[in-house]
Amino acid sequence: MKKPLLLLFLLITTLTWAQENMPVYMHYVTVKSSDADKLISLEKNYFSKMHKQNIDSGKKIGWDMWRMENQSDAGHTTFVYTHLQHSLDEMELSGGGSDLFSEAELKMANEQWASMIVSSKLLVTSFKGGFAPIKEEPVNVVQLGFMNVDPLSYYEYEQMELKNFLPAHKKNPLVRGWALHSIDTPHAEDEDDYLVANFFETLNDMYKNSGSVSQLSKQEKANYKAILNLRKMTKVEVLTLVMAER
């Protein structure tokens with residue numbers, strides 16, 4: 001994307017381990033639904049090419065554009081730009097393009113983009129662990145679960161997700177990737193502290209995964225009860241891939 005901090009998120013397709021604490025910036029942008037195709041066209045023709053240039057020059061790892069599928073307002077569409085960075089010291093989330101487009105073209109594209117934006121927000125996150133292929137084009141669907149965790153229990157929560165639940169996700173044939181992120185944007189104690197990303201090839205795979213029920217072992221029940229005491233899931237977002245650059 002461009003001007004406002006563009007963000008990245010973790011995307012997936014091959015089972016590669018991403019580096020721990022990798023910065024992932026998520027830029028939420030809402031437009032009128034009547035402008036959604038225009039925004040996608042601008043991204044495809046201009047900004048995605050600029051992000052690709054930054055990726056090829058080593059300034060960032062990846063860039064993706066996702067569409068939110070489970071929002072209630074039919075008159076508006078929300079997109080999520082996700083940017084994968086090498087480190088917080090390399091904040092090359094946008095910029096460049098002067099050798100790709102004329103000054104007049106860049107000015108026109110930026111003005112058109114800005115004129116369509118109804119609202120936007122930024123989340124800065126850090127990858128804590130998971131199996132997240134980041135160097136290939138991501139799969140088509142990601143389900144985000146946002147968690148509120150007692151600040152006194154951050155360590156215990158992270159360890160429980162990574163040691164007790166990550167192995168089960170890796171064995172699940174429907175899940176193509178899974179990642180735990182801390183939300184590093186300053187926020188109040190009653191706001192979300194973590195997000196968990198589940199990646200799927202299709203929406204049908206996501207629905208099958210949500211609807212599947214199996215007999216839990218005594219240990220699995222104990223683990224689930226324990227994590228429910230540490231975190232509360234506050235909301236779920238379903239995103240489908242629009243385009244990606246690697």
# chains A, B, ... in the order shown; residues from 1 in each chain; ligands from 1
$ select_by_dssp --residues "segment 90-141 of chain A" --states "strand (DSSP E)" --output "list in words"
Ile117, Val118, Ser119, Ser120, Lys121, Leu122, Leu123, Val124, Thr125, Ser126, Phe127, Lys128, Gly129, Gly130, Phe131 and Val141 of chain A
$ write_last_selection --atoms "N, CA and C atoms" --output "PDB file, in the first residue's frame"
ATOM      1  N   ILE A 117     -10.838   6.303   0.901  1.00  0.00           N
ATOM      2  CA  ILE A 117     -10.732   5.728   2.235  1.00  0.00           C
ATOM      3  C   ILE A 117     -11.760   6.358   3.180  1.00  0.00           C
ATOM      4  N   VAL A 118     -12.596   5.516   3.769  1.00  0.00           N
ATOM      5  CA  VAL A 118     -13.581   5.963   4.754  1.00  0.00           C
ATOM      6  C   VAL A 118     -12.971   5.937   6.156  1.00  0.00           C
ATOM      7  N   SER A 119     -12.208   4.891   6.453  1.00  0.00           N
ATOM      8  CA  SER A 119     -11.536   4.789   7.754  1.00  0.00           C
ATOM      9  C   SER A 119     -10.358   3.832   7.615  1.00  0.00           C
ATOM     10  N   SER A 120      -9.405   3.944   8.546  1.00  0.00           N
ATOM     11  CA  SER A 120      -8.260   3.033   8.528  1.00  0.00           C
ATOM     12  C   SER A 120      -7.692   2.921   9.928  1.00  0.00           C
ATOM     13  N   LYS A 121      -6.989   1.821  10.187  1.00  0.00           N
ATOM     14  CA  LYS A 121      -6.305   1.642  11.462  1.00  0.00           C
ATOM     15  C   LYS A 121      -5.109   0.729  11.244  1.00  0.00           C
ATOM     16  N   LEU A 122      -4.172   0.792  12.170  1.00  0.00           N
ATOM     17  CA  LEU A 122      -2.937   0.023  12.070  1.00  0.00           C
ATOM     18  C   LEU A 122      -2.737  -0.847  13.302  1.00  0.00           C
ATOM     19  N   LEU A 123      -2.379  -2.110  13.080  1.00  0.00           N
ATOM     20  CA  LEU A 123      -1.947  -2.995  14.160  1.00  0.00           C
ATOM     21  C   LEU A 123      -0.508  -3.390  13.891  1.00  0.00           C
ATOM     22  N   VAL A 124       0.337  -3.213  14.897  1.00  0.00           N
ATOM     23  CA  VAL A 124       1.717  -3.693  14.835  1.00  0.00           C
ATOM     24  C   VAL A 124       1.784  -4.961  15.670  1.00  0.00           C
ATOM     25  N   THR A 125       2.215  -6.056  15.066  1.00  0.00           N
ATOM     26  CA  THR A 125       2.255  -7.329  15.763  1.00  0.00           C
ATOM     27  C   THR A 125       3.637  -7.959  15.635  1.00  0.00           C
ATOM     28  N   SER A 126       3.887  -8.973  16.474  1.00  0.00           N
ATOM     29  CA  SER A 126       5.121  -9.754  16.396  1.00  0.00           C
ATOM     30  C   SER A 126       4.770 -11.231  16.323  1.00  0.00           C
ATOM     31  N   PHE A 127       5.415 -11.931  15.408  1.00  0.00           N
ATOM     32  CA  PHE A 127       5.229 -13.369  15.274  1.00  0.00           C
ATOM     33  C   PHE A 127       5.900 -14.074  16.450  1.00  0.00           C
ATOM     34  N   LYS A 128       5.141 -14.875  17.178  1.00  0.00           N
ATOM     35  CA  LYS A 128       5.658 -15.571  18.352  1.00  0.00           C
ATOM     36  C   LYS A 128       5.987 -17.031  18.080  1.00  0.00           C
ATOM     37  N   GLY A 129       5.387 -17.614  17.065  1.00  0.00           N
ATOM     38  CA  GLY A 129       5.654 -19.002  16.752  1.00  0.00           C
ATOM     39  C   GLY A 129       4.545 -19.605  15.926  1.00  0.00           C
ATOM     40  N   GLY A 130       4.845 -20.742  15.319  1.00  0.00           N
ATOM     41  CA  GLY A 130       3.874 -21.416  14.493  1.00  0.00           C
ATOM     42  C   GLY A 130       4.561 -22.076  13.315  1.00  0.00           C
ATOM     43  N   PHE A 131       3.777 -22.536  12.371  1.00  0.00           N
ATOM     44  CA  PHE A 131       4.355 -23.013  11.119  1.00  0.00           C
ATOM     45  C   PHE A 131       3.783 -22.127  10.033  1.00  0.00           C
ATOM     46  N   VAL A 141      -7.374 -18.318   2.428  1.00  0.00           N
ATOM     47  CA  VAL A 141      -8.248 -17.943   3.539  1.00  0.00           C
ATOM     48  C   VAL A 141      -7.451 -17.913   4.841  1.00  0.00           C
TER      49      VAL A 141
END
$ residues_around --residues "segment 174-177 of chain A" --least-positions-apart "2" --cutoff "6 Å" --atoms "only C-alpha atoms" --output "JSON, numbers by chain"
{"A": [131, 132, 172, 198, 199, 200, 205]}
$ atom_distance --atom1 "atom CA of Trp63 of chain A" --atom2 "atom CA of His83 of chain A"
4.6 Å
$ residues_around --residues "Leu42 of chain A" --least-positions-apart "6" --cutoff "12 Å" --atoms "only C-alpha atoms" --output "compact mmCIF listing (two decimals) with N, CA and C atoms, in the first residue's frame"
# COMPACT_ATOMS: atom_id res chain seq x y z
N MET A 1 0.85 -1.15 0.00
CA MET A 1 0.00 0.00 0.00
C MET A 1 0.88 1.19 0.00
N LYS A 2 0.46 2.23 0.70
CA LYS A 2 1.27 3.40 0.57
C LYS A 2 1.25 4.22 1.80
N ASP A 35 -16.66 1.30 -4.27
CA ASP A 35 -15.29 1.68 -4.63
C ASP A 35 -14.30 0.52 -4.51
N ALA A 36 -14.78 -0.65 -4.09
CA ALA A 36 -13.86 -1.77 -3.81
C ALA A 36 -13.06 -2.18 -5.05
N SER A 48 1.11 -2.53 -5.77
CA SER A 48 1.68 -3.88 -5.65
C SER A 48 3.04 -3.95 -6.34
N LYS A 49 3.19 -3.23 -7.44
CA LYS A 49 4.47 -3.22 -8.17
C LYS A 49 5.55 -2.52 -7.34
N MET A 50 5.16 -1.50 -6.60
CA MET A 50 6.12 -0.80 -5.74
C MET A 50 6.54 -1.70 -4.58
N MET A 65 -2.81 -8.38 0.24
CA MET A 65 -4.06 -7.64 0.35
C MET A 65 -5.18 -8.66 0.56
N GLU A 105 1.89 10.18 -12.46
CA GLU A 105 1.16 8.93 -12.22
C GLU A 105 1.09 8.59 -10.74
N LEU A 106 2.20 8.76 -10.03
CA LEU A 106 2.22 8.47 -8.60
C LEU A 106 1.30 9.42 -7.84
N MET A 108 -1.37 10.94 -9.04
CA MET A 108 -2.74 10.57 -9.37
C MET A 108 -3.17 9.33 -8.58
N ALA A 109 -2.32 8.32 -8.53
CA ALA A 109 -2.66 7.08 -7.84
C ALA A 109 -2.85 7.31 -6.35
N ASN A 110 -1.96 8.08 -5.73
CA ASN A 110 -2.08 8.35 -4.30
C ASN A 110 -3.32 9.17 -3.98
N GLU A 111 -3.64 10.14 -4.82
CA GLU A 111 -4.82 10.97 -4.58
C GLU A 111 -6.10 10.15 -4.74
N GLN A 112 -6.15 9.29 -5.75
CA GLN A 112 -7.33 8.45 -5.94
C GLN A 112 -7.50 7.49 -4.76
N TRP A 113 -6.40 6.90 -4.33
CA TRP A 113 -6.47 5.97 -3.20
C TRP A 113 -6.99 6.68 -1.95
N ALA A 114 -6.42 7.82 -1.62
CA ALA A 114 -6.80 8.55 -0.42
C ALA A 114 -8.25 9.01 -0.47
N MET A 116 -10.79 7.51 -1.56
CA MET A 116 -11.75 6.43 -1.35
C MET A 116 -11.81 5.94 0.09
$ residues_around --residues "Leu180 of chain A" --least-positions-apart "5" --cutoff "12 Å" --atoms "only C-alpha atoms" --output "PyMOL selection string"
chain A and resi 9-10+18+20-22+24+125-132+144-147+157-163+165-166+169+193-199
$ write_last_selection --atoms "N, CA and C atoms" --output "CSV table (one decimal), in the first residue's frame"
chain,number,residue,atom,x,y,z
A,9,PHE,N,1.3,-8.9,7.4
A,9,PHE,CA,0.8,-10.0,8.2
A,9,PHE,C,1.5,-11.2,7.7
A,10,LEU,N,1.3,-12.3,8.3
A,10,LEU,CA,1.9,-13.5,8.0
A,10,LEU,C,1.1,-14.3,7.0
A,18,ALA,N,8.9,-19.1,10.3
A,18,ALA,CA,9.2,-17.7,10.2
A,18,ALA,C,10.1,-17.4,11.5
A,20,GLU,N,11.3,-15.8,14.9
A,20,GLU,CA,10.6,-15.4,16.1
A,20,GLU,C,10.6,-13.9,16.2
A,21,ASN,N,9.5,-13.3,16.6
A,21,ASN,CA,9.4,-11.8,16.8
A,21,ASN,C,9.5,-11.1,15.5
A,22,MET,N,9.3,-11.7,14.4
A,22,MET,CA,9.3,-11.0,13.1
A,22,MET,C,8.1,-9.9,13.2
A,24,VAL,N,5.1,-7.8,12.0
A,24,VAL,CA,4.0,-8.0,11.0
A,24,VAL,C,3.1,-6.9,11.2
A,125,THR,N,2.2,-6.1,15.1
A,125,THR,CA,2.3,-7.3,15.8
A,125,THR,C,3.6,-8.0,15.6
A,126,SER,N,3.9,-9.0,16.5
A,126,SER,CA,5.1,-9.8,16.4
A,126,SER,C,4.8,-11.2,16.3
A,127,PHE,N,5.4,-11.9,15.4
A,127,PHE,CA,5.2,-13.4,15.3
A,127,PHE,C,5.9,-14.1,16.5
A,128,LYS,N,5.1,-14.9,17.2
A,128,LYS,CA,5.7,-15.6,18.4
A,128,LYS,C,6.0,-17.0,18.1
A,129,GLY,N,5.4,-17.6,17.1
A,129,GLY,CA,5.7,-19.0,16.8
A,129,GLY,C,4.5,-19.6,15.9
A,130,GLY,N,4.8,-20.7,15.3
A,130,GLY,CA,3.9,-21.4,14.5
A,130,GLY,C,4.6,-22.1,13.3
A,131,PHE,N,3.8,-22.5,12.4
A,131,PHE,CA,4.4,-23.0,11.1
A,131,PHE,C,3.8,-22.1,10.0
A,132,ALA,N,4.6,-21.2,9.6
A,132,ALA,CA,4.2,-20.2,8.7
A,132,ALA,C,5.1,-20.0,7.5
A,144,LEU,N,-8.8,-15.2,11.8
A,144,LEU,CA,-8.1,-14.5,12.9
A,144,LEU,C,-8.9,-14.6,14.1
A,145,GLY,N,-8.4,-15.1,15.2
A,145,GLY,CA,-9.0,-15.1,16.5
A,145,GLY,C,-8.3,-14.1,17.4
A,146,PHE,N,-9.0,-13.1,17.9
A,146,PHE,CA,-8.3,-12.1,18.8
A,146,PHE,C,-8.6,-12.4,20.3
A,147,MET,N,-7.5,-12.4,21.0
A,147,MET,CA,-7.5,-12.8,22.4
A,147,MET,C,-7.2,-11.7,23.4
A,157,TYR,N,0.4,-18.0,28.8
A,157,TYR,CA,-0.5,-18.2,27.6
A,157,TYR,C,0.3,-18.6,26.4
A,158,GLU,N,1.4,-17.8,26.1
A,158,GLU,CA,2.2,-18.1,24.9
A,158,GLU,C,2.8,-19.6,25.0
A,159,GLN,N,3.3,-20.0,26.1
A,159,GLN,CA,3.8,-21.3,26.2
A,159,GLN,C,2.7,-22.4,26.0
A,160,MET,N,1.5,-22.1,26.5
A,160,MET,CA,0.5,-23.1,26.3
A,160,MET,C,0.0,-23.2,24.9
A,161,GLU,N,-0.1,-22.1,24.2
A,161,GLU,CA,-0.4,-22.1,22.8
A,161,GLU,C,0.6,-22.9,22.0
A,162,LEU,N,1.9,-22.6,22.2
A,162,LEU,CA,3.0,-23.1,21.4
A,162,LEU,C,3.4,-24.5,21.7
A,163,LYS,N,3.2,-24.9,23.0
A,163,LYS,CA,3.6,-26.3,23.4
A,163,LYS,C,2.5,-27.3,23.4
A,165,PHE,N,-0.9,-26.6,21.9
A,165,PHE,CA,-1.9,-26.5,20.8
A,165,PHE,C,-1.3,-26.5,19.5
A,166,LEU,N,-0.1,-26.0,19.3
A,166,LEU,CA,0.6,-25.9,18.0
A,166,LEU,C,0.8,-27.3,17.4
A,169,HIS,N,-2.4,-28.5,15.7
A,169,HIS,CA,-2.7,-27.8,14.5
A,169,HIS,C,-1.8,-28.3,13.3
A,193,ASP,N,-4.8,-8.6,23.2
A,193,ASP,CA,-3.4,-8.7,23.4
A,193,ASP,C,-2.7,-9.6,22.4
A,194,TYR,N,-3.4,-10.5,21.8
A,194,TYR,CA,-2.8,-11.5,20.9
A,194,TYR,C,-3.8,-11.8,19.8
A,195,LEU,N,-3.3,-12.3,18.7
A,195,LEU,CA,-4.2,-12.9,17.7
A,195,LEU,C,-3.6,-14.2,17.2
A,196,VAL,N,-4.5,-15.1,16.9
A,196,VAL,CA,-4.1,-16.5,16.4
A,196,VAL,C,-4.6,-16.5,15.0
A,197,ALA,N,-3.7,-16.9,14.0
A,197,ALA,CA,-4.1,-17.0,12.6
A,197,ALA,C,-4.2,-18.5,12.2
A,198,ASN,N,-5.3,-18.9,11.6
A,198,ASN,CA,-5.4,-20.2,11.0
A,198,ASN,C,-5.6,-20.1,9.5
A,199,PHE,N,-4.8,-20.7,8.7
A,199,PHE,CA,-4.8,-20.6,7.3
A,199,PHE,C,-5.4,-21.8,6.6
$ closest_residue --among "A:Ser153, A:Lys44, A:Gln85, A:Gly62" --to "Ala226 of chain A" --atoms "only C-alpha atoms"
A:Ser153
$ closest_residue --among "A:His76, A:Val142, A:Ser98, A:Phe47" --to "Trp178 of chain A" --atoms "only C-alpha atoms"
A:Val142
